[in-house]
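Comments concern the structure below.
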Amino acid sequence: MKFKDLSQNTVASLFFSVMMLLIVVFNDGIPAYDKLEEVSGTLEWFETKGKNKGTFRFKLKEHEEKFVYHSVAGSLSAVKSALNKENANLKILFDPNDSDSALWEFQTIHPVYQVVSDNQLVKSYRSTAAKYYSNDSLGFWLLIGGLIASVVFFAIDWNIKQDAN
């Protein structure tokens, strides 16, 4: 069977499977706790981003870095309240070697993995890591689904090709 004999469904499912394979193989997950850096300070500015306003970007007055807290980590209302609490002393753990900003933004925005406000733990690294790992496992299952769809569509194409001969 030649590539031109494959249906659009087969080609699309193969493409999807290859993309999911690349995502699963090259996803490093979140960094280890000891690779993160801790900073503290008070909030300078805060904004919500994303379709459902579930991504928080913010900056602390005492530091040049900008930070992002993603909705995948959960506890959005608690984190938002902690970040917006007036004059709160915030401590965050972030990855200094990673940036979640888009290429066209020309800035570095570091992902946050733990939030402490006025010495009260709001979102722990362990809880955040569990959420990220759960989200990453979805990629594996999507890869399996894509491979199954590819096999099914290829079998259908094969039968059609055999019936045509």
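Going through the structure tokens in order, the chains are called A, B, and so on, while each chain numbers its residues from 1 and the ligands are numbered from 1 in the order shown.
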Tell me which protein, DNA and RNA residues are within 7 Å of Ser17 in chain A, counting only C-alpha atoms, leaving out same-chain ones fewer than 5 positions away, and put them as a list in words.
Leu143, Gly146 and Leu147 of chain A
Create the file for the chosen residues now, containing N, CA and C atoms and written as a compact mmCIF listing (two decimals), in the first residue's frame.
```txt
# COMPACT_ATOMS: atom_id res chain seq x y z
N LEU A 143 -1.90 9.38 23.16
CA LEU A 143 -1.01 8.67 22.24
C LEU A 143 -1.54 7.28 21.95
N GLY A 146 -4.55 7.57 19.71
CA GLY A 146 -4.15 7.91 18.34
C GLY A 146 -3.59 6.71 17.60
N LEU A 147 -2.80 5.90 18.30
CA LEU A 147 -2.24 4.69 17.67
C LEU A 147 -3.34 3.69 17.33
```
Find the nearest atom pair between each residue of range 60-162 of chain A and range 18-40 of chain A for residues within 7 Å, count only C-alpha atoms, give distances in Å to one decimal, sort rows by chain and ascending number, and present the table as JSON lines.
```
{"residue": "A:Asn89", "atom": "CA", "partner": "A:Ser40", "partner_atom": "CA", "distance": 6.8}
{"residue": "A:Leu90", "atom": "CA", "partner": "A:Ser40", "partner_atom": "CA", "distance": 5.3}
{"residue": "A:Lys91", "atom": "CA", "partner": "A:Ser40", "partner_atom": "CA", "distance": 4.2}
{"residue": "A:Ile92", "atom": "CA", "partner": "A:Glu38", "partner_atom": "CA", "distance": 5.5}
{"residue": "A:Leu93", "atom": "CA", "partner": "A:Glu38", "partner_atom": "CA", "distance": 4.5}
{"residue": "A:Phe94", "atom": "CA", "partner": "A:Leu36", "partner_atom": "CA", "distance": 5.4}
{"residue": "A:Asp95", "atom": "CA", "partner": "A:Leu36", "partner_atom": "CA", "distance": 5.0}
{"residue": "A:Pro96", "atom": "CA", "partner": "A:Glu37", "partner_atom": "CA", "distance": 6.6}
{"residue": "A:Ala129", "atom": "CA", "partner": "A:Ile30", "partner_atom": "CA", "distance": 6.8}
{"residue": "A:Gly139", "atom": "CA", "partner": "A:Val24", "partner_atom": "CA", "distance": 6.2}
{"residue": "A:Phe140", "atom": "CA", "partner": "A:Val24", "partner_atom": "CA", "distance": 6.3}
{"residue": "A:Leu143", "atom": "CA", "partner": "A:Met20", "partner_atom": "CA", "distance": 5.3}
```
Dump of C-alpha atoms for the selected residues, as a tab-separated table (two decimals), in the first residue's frame:
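Once everything was written out, this is out18.tsv:
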```
chain	number	residue	atom	x	y	z
A	89	ASN	CA	4.44	38.89	52.10
A	90	LEU	CA	4.60	36.33	49.30
A	91	LYS	CA	7.13	33.53	48.92
A	92	ILE	CA	7.15	31.59	45.71
A	93	LEU	CA	9.13	28.73	44.25
A	94	PHE	CA	9.80	29.08	40.55
A	95	ASP	CA	11.93	27.58	37.81
A	96	PRO	CA	14.64	30.11	36.91
A	129	ALA	CA	3.57	18.26	41.03
A	139	GLY	CA	-0.76	12.71	26.87
A	140	PHE	CA	0.15	9.04	27.16
A	143	LEU	CA	-1.01	8.67	22.24
```
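For the choices A:Ser7, A:Asn52, A:Ser75, A:Ser137, the atom-to-atom distance to Leu121 in chain A is smallest for A:Ser75 when using only C-alpha atoms.
Using only C-alpha atoms, the shortest contact distance between Asp157 in chain A and any of A:Ser71, A:Asn135, A:Gln8, A:Thr55 is found at A:Gln8.
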What lies within 10 Å of Ile148 in chain A using only C-alpha atoms, ignoring chain neighbours under 5 positions off, as an MDAnalysis selection string?
chainID A and resid 13:14 17 142:143 153:154
